[in-house]
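Quick look at work-v9.cif (mmCIF, C-alpha atoms):
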```cif
data_coords
#
loop_
_atom_site.label_atom_id
_atom_site.label_comp_id
_atom_site.auth_asym_id
_atom_site.auth_seq_id
_atom_site.Cartn_x
_atom_site.Cartn_y
_atom_site.Cartn_z
CA ASN A 266 -28.18 -4.63 13.87
CA ALA A 267 -25.24 -2.89 15.56
CA GLY A 268 -22.74 -5.74 15.11
CA VAL A 269 -19.94 -5.53 17.69
CA THR A 270 -19.84 -2.53 20.00
CA GLN A 271 -17.22 -1.53 22.55
CA THR A 272 -17.42 0.73 25.59
CA PRO A 273 -15.66 3.09 26.22
CA LYS A 274 -13.96 4.43 23.08
CA PHE A 275 -11.16 6.19 24.95
CA ARG A 276 -9.78 6.00 28.48
CA VAL A 277 -6.83 7.34 30.39
CA LEU A 278 -5.76 5.51 33.55
CA LYS A 279 -3.08 6.08 36.13
CA THR A 280 -0.73 3.23 36.96
CA GLY A 281 -2.38 0.88 39.44
CA GLN A 282 -5.97 1.83 38.63
CA SER A 283 -8.46 -0.74 37.44
CA MET A 284 -11.06 -0.72 34.72
CA THR A 285 -13.36 -2.93 32.68
CA LEU A 286 -13.88 -2.82 28.94
CA LEU A 287 -17.25 -3.99 27.70
CA CYS A 288 -17.88 -5.75 24.41
CA ALA A 289 -21.35 -6.56 23.13
CA GLN A 290 -22.49 -8.36 19.98
CA ASP A 291 -25.97 -8.85 18.59
CA MET A 292 -25.21 -11.55 16.01
CA ASN A 293 -25.75 -14.50 18.38
CA HIS A 294 -22.14 -15.60 17.87
CA GLU A 295 -20.74 -18.33 20.08
CA TYR A 296 -17.15 -17.15 20.01
CA MET A 297 -15.77 -13.87 21.29
CA TYR A 298 -12.22 -12.51 21.46
CA TRP A 299 -10.15 -9.69 22.92
CA TYR A 300 -7.07 -8.42 21.08
CA ARG A 301 -4.58 -5.67 21.64
CA GLN A 302 -2.94 -3.75 18.81
CA ASP A 303 0.48 -2.21 19.21
CA PRO A 304 2.51 -0.40 16.53
CA GLY A 305 4.37 -2.77 14.25
CA MET A 306 2.99 -5.89 15.94
CA GLY A 307 -0.39 -6.49 14.36
CA LEU A 308 -3.15 -7.77 16.63
CA ARG A 309 -2.40 -10.21 19.42
CA LEU A 310 -4.99 -12.35 21.15
CA ILE A 311 -5.42 -11.71 24.87
CA HIS A 312 -8.30 -14.02 25.84
CA TYR A 313 -11.16 -15.71 24.08
CA SER A 314 -14.41 -17.49 24.82
CA VAL A 315 -16.12 -20.33 22.98
CA GLY A 316 -19.42 -19.90 24.78
CA GLU A 317 -21.29 -18.44 27.71
CA GLY A 318 -19.47 -19.14 30.95
CA THR A 319 -16.20 -20.18 29.26
CA THR A 320 -12.91 -18.32 28.84
CA ALA A 321 -9.41 -19.25 27.73
CA LYS A 322 -6.00 -17.61 27.48
CA GLY A 323 -4.61 -16.34 24.24
CA GLU A 324 -1.11 -15.24 23.31
CA VAL A 325 -0.71 -12.33 25.79
CA PRO A 326 -3.05 -12.92 28.79
CA ASP A 327 -0.90 -11.63 31.65
CA GLY A 328 -2.39 -8.66 33.52
CA TYR A 329 -5.89 -9.20 32.13
CA ASN A 330 -8.98 -11.08 33.22
CA VAL A 331 -12.19 -11.77 31.32
CA SER A 332 -15.71 -12.92 31.95
CA ARG A 333 -18.56 -14.08 29.74
CA LEU A 334 -21.65 -14.25 31.92
CA LYS A 335 -23.99 -13.65 28.99
CA LYS A 336 -23.59 -14.91 25.44
CA GLN A 337 -23.73 -11.43 23.97
CA ASN A 338 -21.20 -9.79 26.31
CA PHE A 339 -17.47 -10.27 26.87
CA LEU A 340 -15.74 -8.17 29.52
CA LEU A 341 -12.02 -7.44 29.71
CA GLY A 342 -10.65 -6.34 33.06
CA LEU A 343 -7.40 -4.72 34.09
CA GLU A 344 -6.96 -5.09 37.85
CA SER A 345 -3.84 -2.94 38.20
CA ALA A 346 -3.02 -1.04 35.05
CA ALA A 347 0.59 -0.66 33.89
CA PRO A 348 2.07 1.63 31.21
CA SER A 349 2.83 -1.50 29.13
CA GLN A 350 -0.92 -1.93 28.75
CA THR A 351 -1.21 1.28 26.78
CA SER A 352 -2.69 0.02 23.54
CA VAL A 353 -5.74 -0.14 21.33
CA TYR A 354 -8.06 -2.97 22.32
CA PHE A 355 -10.34 -4.71 19.86
CA CYS A 356 -13.15 -7.09 20.56
CA ALA A 357 -14.36 -9.55 17.94
CA SER A 358 -17.00 -12.23 17.60
CA GLY A 359 -17.38 -15.22 15.34
CA THR A 360 -19.43 -18.30 14.67
CA SER A 361 -18.39 -21.90 15.15
CA MET A 362 -19.70 -22.74 11.70
CA GLY A 363 -18.56 -21.83 8.22
CA THR A 364 -15.63 -19.72 7.28
CA TYR A 365 -13.99 -18.82 10.62
CA GLU A 366 -14.05 -15.10 9.96
CA GLN A 367 -14.35 -12.67 12.85
CA TYR A 368 -16.26 -9.42 13.13
CA PHE A 369 -14.50 -6.58 14.90
CA GLY A 370 -15.63 -3.73 17.08
CA PRO A 371 -14.37 -0.16 16.61
CA GLY A 372 -11.72 -0.40 19.30
CA THR A 373 -10.89 1.21 22.65
CA ARG A 374 -7.83 3.41 22.94
CA LEU A 375 -6.35 3.05 26.43
CA THR A 376 -3.50 5.14 27.80
CA VAL A 377 -1.89 4.29 31.13
CA THR A 378 0.27 7.03 32.62
CA ALA B 278 2.02 -23.57 14.52
CA GLN B 279 0.28 -21.09 12.31
CA SER B 280 1.85 -17.78 11.34
CA VAL B 281 1.92 -15.21 8.58
CA THR B 282 4.70 -12.98 7.30
CA GLN B 283 3.90 -9.78 5.51
CA LEU B 284 6.93 -9.05 3.42
CA ASP B 285 6.56 -5.27 3.23
CA SER B 286 5.79 -2.98 6.13
CA HIS B 287 5.04 -0.08 3.78
CA VAL B 288 4.01 0.04 0.12
CA SER B 289 3.60 3.24 -1.85
CA VAL B 290 1.85 3.39 -5.24
CA SER B 291 0.52 6.09 -7.52
CA GLU B 292 -3.21 6.43 -8.01
CA GLY B 293 -4.35 4.28 -10.92
CA THR B 294 -1.41 1.86 -10.76
CA PRO B 295 -1.55 -1.77 -9.59
CA VAL B 296 -1.30 -2.77 -5.95
CA LEU B 297 0.57 -5.84 -4.69
CA LEU B 298 0.74 -6.64 -0.98
CA ARG B 299 2.68 -9.79 -0.22
CA CYS B 300 1.91 -12.42 2.39
CA ASN B 301 3.44 -15.82 3.14
CA TYR B 302 1.92 -18.21 5.61
CA SER B 303 3.00 -21.18 7.65
CA SER B 304 0.49 -23.85 8.57
CA SER B 305 0.58 -27.53 9.37
CA TYR B 306 -2.65 -28.13 7.48
CA SER B 307 -4.79 -26.48 4.85
CA PRO B 308 -5.51 -23.09 6.36
CA SER B 309 -8.23 -20.48 6.14
CA LEU B 310 -6.67 -17.18 5.12
CA PHE B 311 -8.00 -13.66 5.25
CA TRP B 312 -7.11 -10.11 4.38
CA TYR B 313 -8.45 -7.39 6.66
CA VAL B 314 -8.19 -3.63 6.10
CA GLN B 315 -7.98 -0.94 8.76
CA HIS B 316 -8.49 2.69 7.85
CA PRO B 317 -6.99 5.29 10.19
CA ASN B 318 -8.57 5.24 13.65
CA LYS B 319 -11.11 2.66 12.55
CA GLY B 320 -11.82 -0.98 13.26
CA LEU B 321 -10.97 -3.89 10.99
CA GLN B 322 -13.02 -4.79 7.95
CA LEU B 323 -12.86 -8.10 6.11
CA LEU B 324 -11.64 -7.68 2.51
CA LEU B 325 -11.71 -11.31 1.42
CA LYS B 326 -11.27 -14.87 2.63
CA TYR B 327 -9.95 -18.20 1.37
CA THR B 328 -11.46 -21.37 2.80
CA SER B 329 -10.33 -24.19 0.48
CA ALA B 330 -12.72 -23.44 -2.34
CA ALA B 331 -11.49 -21.48 -5.39
CA THR B 332 -7.84 -20.48 -5.14
CA LEU B 333 -8.49 -17.06 -6.67
CA VAL B 334 -10.60 -15.12 -4.23
CA LYS B 335 -12.40 -11.90 -5.05
CA GLY B 336 -13.16 -9.40 -2.33
CA ILE B 337 -14.66 -6.00 -1.87
CA ASN B 338 -13.52 -2.79 -3.57
CA GLY B 339 -11.84 -4.61 -6.47
CA PHE B 340 -9.29 -6.53 -4.40
CA GLU B 341 -8.43 -10.15 -5.00
CA ALA B 342 -5.94 -12.68 -3.68
CA GLU B 343 -4.59 -15.97 -4.96
CA PHE B 344 -3.86 -18.92 -2.71
CA LYS B 345 -0.70 -20.71 -3.88
CA LYS B 346 -0.03 -23.77 -1.79
CA SER B 347 3.29 -24.58 -3.47
CA GLU B 348 4.59 -21.13 -2.59
CA THR B 349 2.69 -20.82 0.73
CA SER B 350 1.59 -17.39 -0.42
CA PHE B 351 -1.61 -15.37 -0.36
CA HIS B 352 -0.75 -12.07 -2.03
CA LEU B 353 -3.33 -9.29 -2.28
CA THR B 354 -3.72 -7.41 -5.56
CA LYS B 355 -5.79 -4.68 -7.13
CA PRO B 356 -5.47 -3.56 -10.76
CA SER B 357 -5.82 0.15 -10.11
CA ALA B 358 -5.27 1.94 -6.80
CA HIS B 359 -7.71 4.55 -5.55
CA MET B 360 -7.01 7.22 -2.97
CA SER B 361 -9.53 5.59 -0.65
CA ASP B 362 -7.39 2.42 -0.59
CA ALA B 363 -4.81 4.12 1.65
CA ALA B 364 -4.94 2.08 4.86
CA GLU B 365 -3.26 -0.67 6.86
CA TYR B 366 -3.74 -4.20 5.52
CA PHE B 367 -3.41 -7.36 7.57
CA CYS B 368 -2.91 -10.89 6.32
CA VAL B 369 -4.43 -13.38 8.74
CA VAL B 370 -4.45 -17.16 9.16
CA SER B 371 -7.01 -19.12 11.15
CA ASP B 372 -6.08 -21.78 13.63
CA ARG B 373 -8.70 -24.50 13.73
CA LEU B 374 -6.89 -26.64 16.26
CA THR B 375 -7.99 -24.72 19.34
CA GLY B 376 -11.63 -25.21 18.47
CA ALA B 377 -12.11 -21.48 18.72
CA ASN B 378 -10.98 -20.46 15.23
CA ASN B 379 -8.33 -18.19 16.65
CA LEU B 380 -6.72 -15.81 14.19
CA PHE B 381 -3.03 -15.06 13.80
CA PHE B 382 -2.25 -11.66 12.35
CA GLY B 383 0.68 -10.48 10.31
CA THR B 384 2.35 -7.26 11.36
CA GLY B 385 0.56 -5.27 8.68
CA THR B 386 1.39 -3.38 5.49
CA ARG B 387 0.68 0.31 5.29
CA LEU B 388 -0.46 1.28 1.80
CA THR B 389 0.10 4.86 0.70
CA VAL B 390 -1.55 6.09 -2.52
CA ILE B 391 0.09 9.06 -4.19
CA PRO B 392 -2.19 11.38 -6.19
#
```
Starting from the file, lay out its structure as structure tokens.
Amino acid sequence: NAGVTQTPKFRVLKTGQSMTLLCAQDMNHEYMYWYRQDPGMGLRLIHYSVGEGTTAKGEVPDGYNVSRLKKQNFLLGLESAAPSQTSVYFCASGTSMGTYEQYFGPGTRLTVT
Amino acid sequence: AQSVTQLDSHVSVSEGTPVLLRCNYSSSYSPSLFWYVQHPNKGLQLLLKYTSAATLVKGINGFEAEFKKSETSFHLTKPSAHMSDAAEYFCVVSDRLTGANNLFFGTGTRLTVIP
């Protein structure tokens, strides 16, 4: 049981390049989330999904797109990377039942130059 | 709207002394509250959670928190700090209104433990 995994762990992009971050969970959770973490700002929600084939915007969605084609996977895309997107990205998953807690992946450190 | 305020960005304690990390929340209804810990260059781990059961919540590694509705507070405590407790701690409130149980994070408190 791996929990929540993220690929890649580190990435450096040049301004204008694109990339996709992959999140996978093996807990059969309905809900999945993408956050970014910046110094002094805690974690902020980018996009989330309440089930396969659904996505919704969070607090800071601009410049990002997401897809959830399979229940276990949640992809975060940057179409044209900007230096302001330099951050640590965390994926999380959670269940619709019970205590509303979320389970986090180890993070992806992205630098845009 | 839901939000949390962590009153201290940095707390420093000596090993073996008590830890107090302060958190106030704002919510239009009875919230679910959490404390998460993040060790350097690691992901987030759940310490404890409050979900309208007992107001004194016990978590892992000897931490506990007390939900005080009258004070809108959810402070994290530990009787005796250990070197391994040095980390970033986040107070978090859950938003049930979206139907997705979205979480709102405080800005974090960095705990330093002095030998």
Which residues match the PyMOL selection byres ((chain A) within 6 of (chain B)) in the file above, as an mmCIF file with C-alpha atoms, in the frame of the given file?
```
data_model
loop_
_atom_site.group_PDB
_atom_site.id
_atom_site.type_symbol
_atom_site.label_atom_id
_atom_site.label_comp_id
_atom_site.auth_asym_id
_atom_site.auth_seq_id
_atom_site.Cartn_x
_atom_site.Cartn_y
_atom_site.Cartn_z
ATOM 1 C CA GLY A 305 4.370 -2.770 14.250
ATOM 2 C CA MET A 306 2.990 -5.890 15.940
ATOM 3 C CA GLY A 307 -0.390 -6.490 14.360
ATOM 4 C CA LEU A 308 -3.150 -7.770 16.630
ATOM 5 C CA VAL A 315 -16.120 -20.330 22.980
ATOM 6 C CA TYR A 365 -13.990 -18.820 10.620
ATOM 7 C CA PHE A 369 -14.500 -6.580 14.900
ATOM 8 C CA PRO A 371 -14.370 -0.160 16.610
#
```
- Do you know which residues are at most 9 Å from stretch 334-342 of chain A counting all atoms listed in the file, after dropping those on the same chain fewer than 4 positions away, and could you put them as JSON, numbers by chain? {"A": [283, 284, 285, 286, 287, 288, 289, 290, 291, 292, 293, 294, 295, 296, 297, 298, 299, 312, 313, 314, 316, 317, 318, 319, 328, 329, 330, 356]}
For the residues in that selection, give me C-alpha atoms as a PDB file, in the coordinates of the input.
```
ATOM      1  CA  SER A 283      -8.460  -0.740  37.440  1.00  0.00           C
ATOM      2  CA  MET A 284     -11.060  -0.720  34.720  1.00  0.00           C
ATOM      3  CA  THR A 285     -13.360  -2.930  32.680  1.00  0.00           C
ATOM      4  CA  LEU A 286     -13.880  -2.820  28.940  1.00  0.00           C
ATOM      5  CA  LEU A 287     -17.250  -3.990  27.700  1.00  0.00           C
ATOM      6  CA  CYS A 288     -17.880  -5.750  24.410  1.00  0.00           C
ATOM      7  CA  ALA A 289     -21.350  -6.560  23.130  1.00  0.00           C
ATOM      8  CA  GLN A 290     -22.490  -8.360  19.980  1.00  0.00           C
ATOM      9  CA  ASP A 291     -25.970  -8.850  18.590  1.00  0.00           C
ATOM     10  CA  MET A 292     -25.210 -11.550  16.010  1.00  0.00           C
ATOM     11  CA  ASN A 293     -25.750 -14.500  18.380  1.00  0.00           C
ATOM     12  CA  HIS A 294     -22.140 -15.600  17.870  1.00  0.00           C
ATOM     13  CA  GLU A 295     -20.740 -18.330  20.080  1.00  0.00           C
ATOM     14  CA  TYR A 296     -17.150 -17.150  20.010  1.00  0.00           C
ATOM     15  CA  MET A 297     -15.770 -13.870  21.290  1.00  0.00           C
ATOM     16  CA  TYR A 298     -12.220 -12.510  21.460  1.00  0.00           C
ATOM     17  CA  TRP A 299     -10.150  -9.690  22.920  1.00  0.00           C
ATOM     18  CA  HIS A 312      -8.300 -14.020  25.840  1.00  0.00           C
ATOM     19  CA  TYR A 313     -11.160 -15.710  24.080  1.00  0.00           C
ATOM     20  CA  SER A 314     -14.410 -17.490  24.820  1.00  0.00           C
ATOM     21  CA  GLY A 316     -19.420 -19.900  24.780  1.00  0.00           C
ATOM     22  CA  GLU A 317     -21.290 -18.440  27.710  1.00  0.00           C
ATOM     23  CA  GLY A 318     -19.470 -19.140  30.950  1.00  0.00           C
ATOM     24  CA  THR A 319     -16.200 -20.180  29.260  1.00  0.00           C
ATOM     25  CA  GLY A 328      -2.390  -8.660  33.520  1.00  0.00           C
ATOM     26  CA  TYR A 329      -5.890  -9.200  32.130  1.00  0.00           C
ATOM     27  CA  ASN A 330      -8.980 -11.080  33.220  1.00  0.00           C
ATOM     28  CA  CYS A 356     -13.150  -7.090  20.560  1.00  0.00           C
TER      29      CYS A 356
END
```
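The gap separating atom CA of B:Pro317 from atom CA of B:Lys355 is 20.0 Å, in Å to one decimal.
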- Query: Between B:Ser289, B:Thr389, B:Thr294, B:Ser303, which has the minimum distance to B:Asp362 (counting all atoms listed in the file)?
  - Reply: B:Thr389
- Task: In Å, rounded to a single decimal, give me how far atom CA of A:Phe275 is from atom CA of A:Thr376.
- Result: 8.2 Å
- On this structure, which residues satisfy the PyMOL selection byres ((chain B and resi 297) around 9), written as a ChimeraX atom specification? /B:288,295-296,298-299,352-356
Residues from last step as file, C-alpha atoms, as an mmCIF file, in the coordinates of the input:
```
data_model
loop_
_atom_site.group_PDB
_atom_site.id
_atom_site.type_symbol
_atom_site.label_atom_id
_atom_site.label_comp_id
_atom_site.auth_asym_id
_atom_site.auth_seq_id
_atom_site.Cartn_x
_atom_site.Cartn_y
_atom_site.Cartn_z
ATOM 1 C CA VAL B 288 4.010 0.040 0.120
ATOM 2 C CA PRO B 295 -1.550 -1.770 -9.590
ATOM 3 C CA VAL B 296 -1.300 -2.770 -5.950
ATOM 4 C CA LEU B 298 0.740 -6.640 -0.980
ATOM 5 C CA ARG B 299 2.680 -9.790 -0.220
ATOM 6 C CA HIS B 352 -0.750 -12.070 -2.030
ATOM 7 C CA LEU B 353 -3.330 -9.290 -2.280
ATOM 8 C CA THR B 354 -3.720 -7.410 -5.560
ATOM 9 C CA LYS B 355 -5.790 -4.680 -7.130
ATOM 10 C CA PRO B 356 -5.470 -3.560 -10.760
#
```
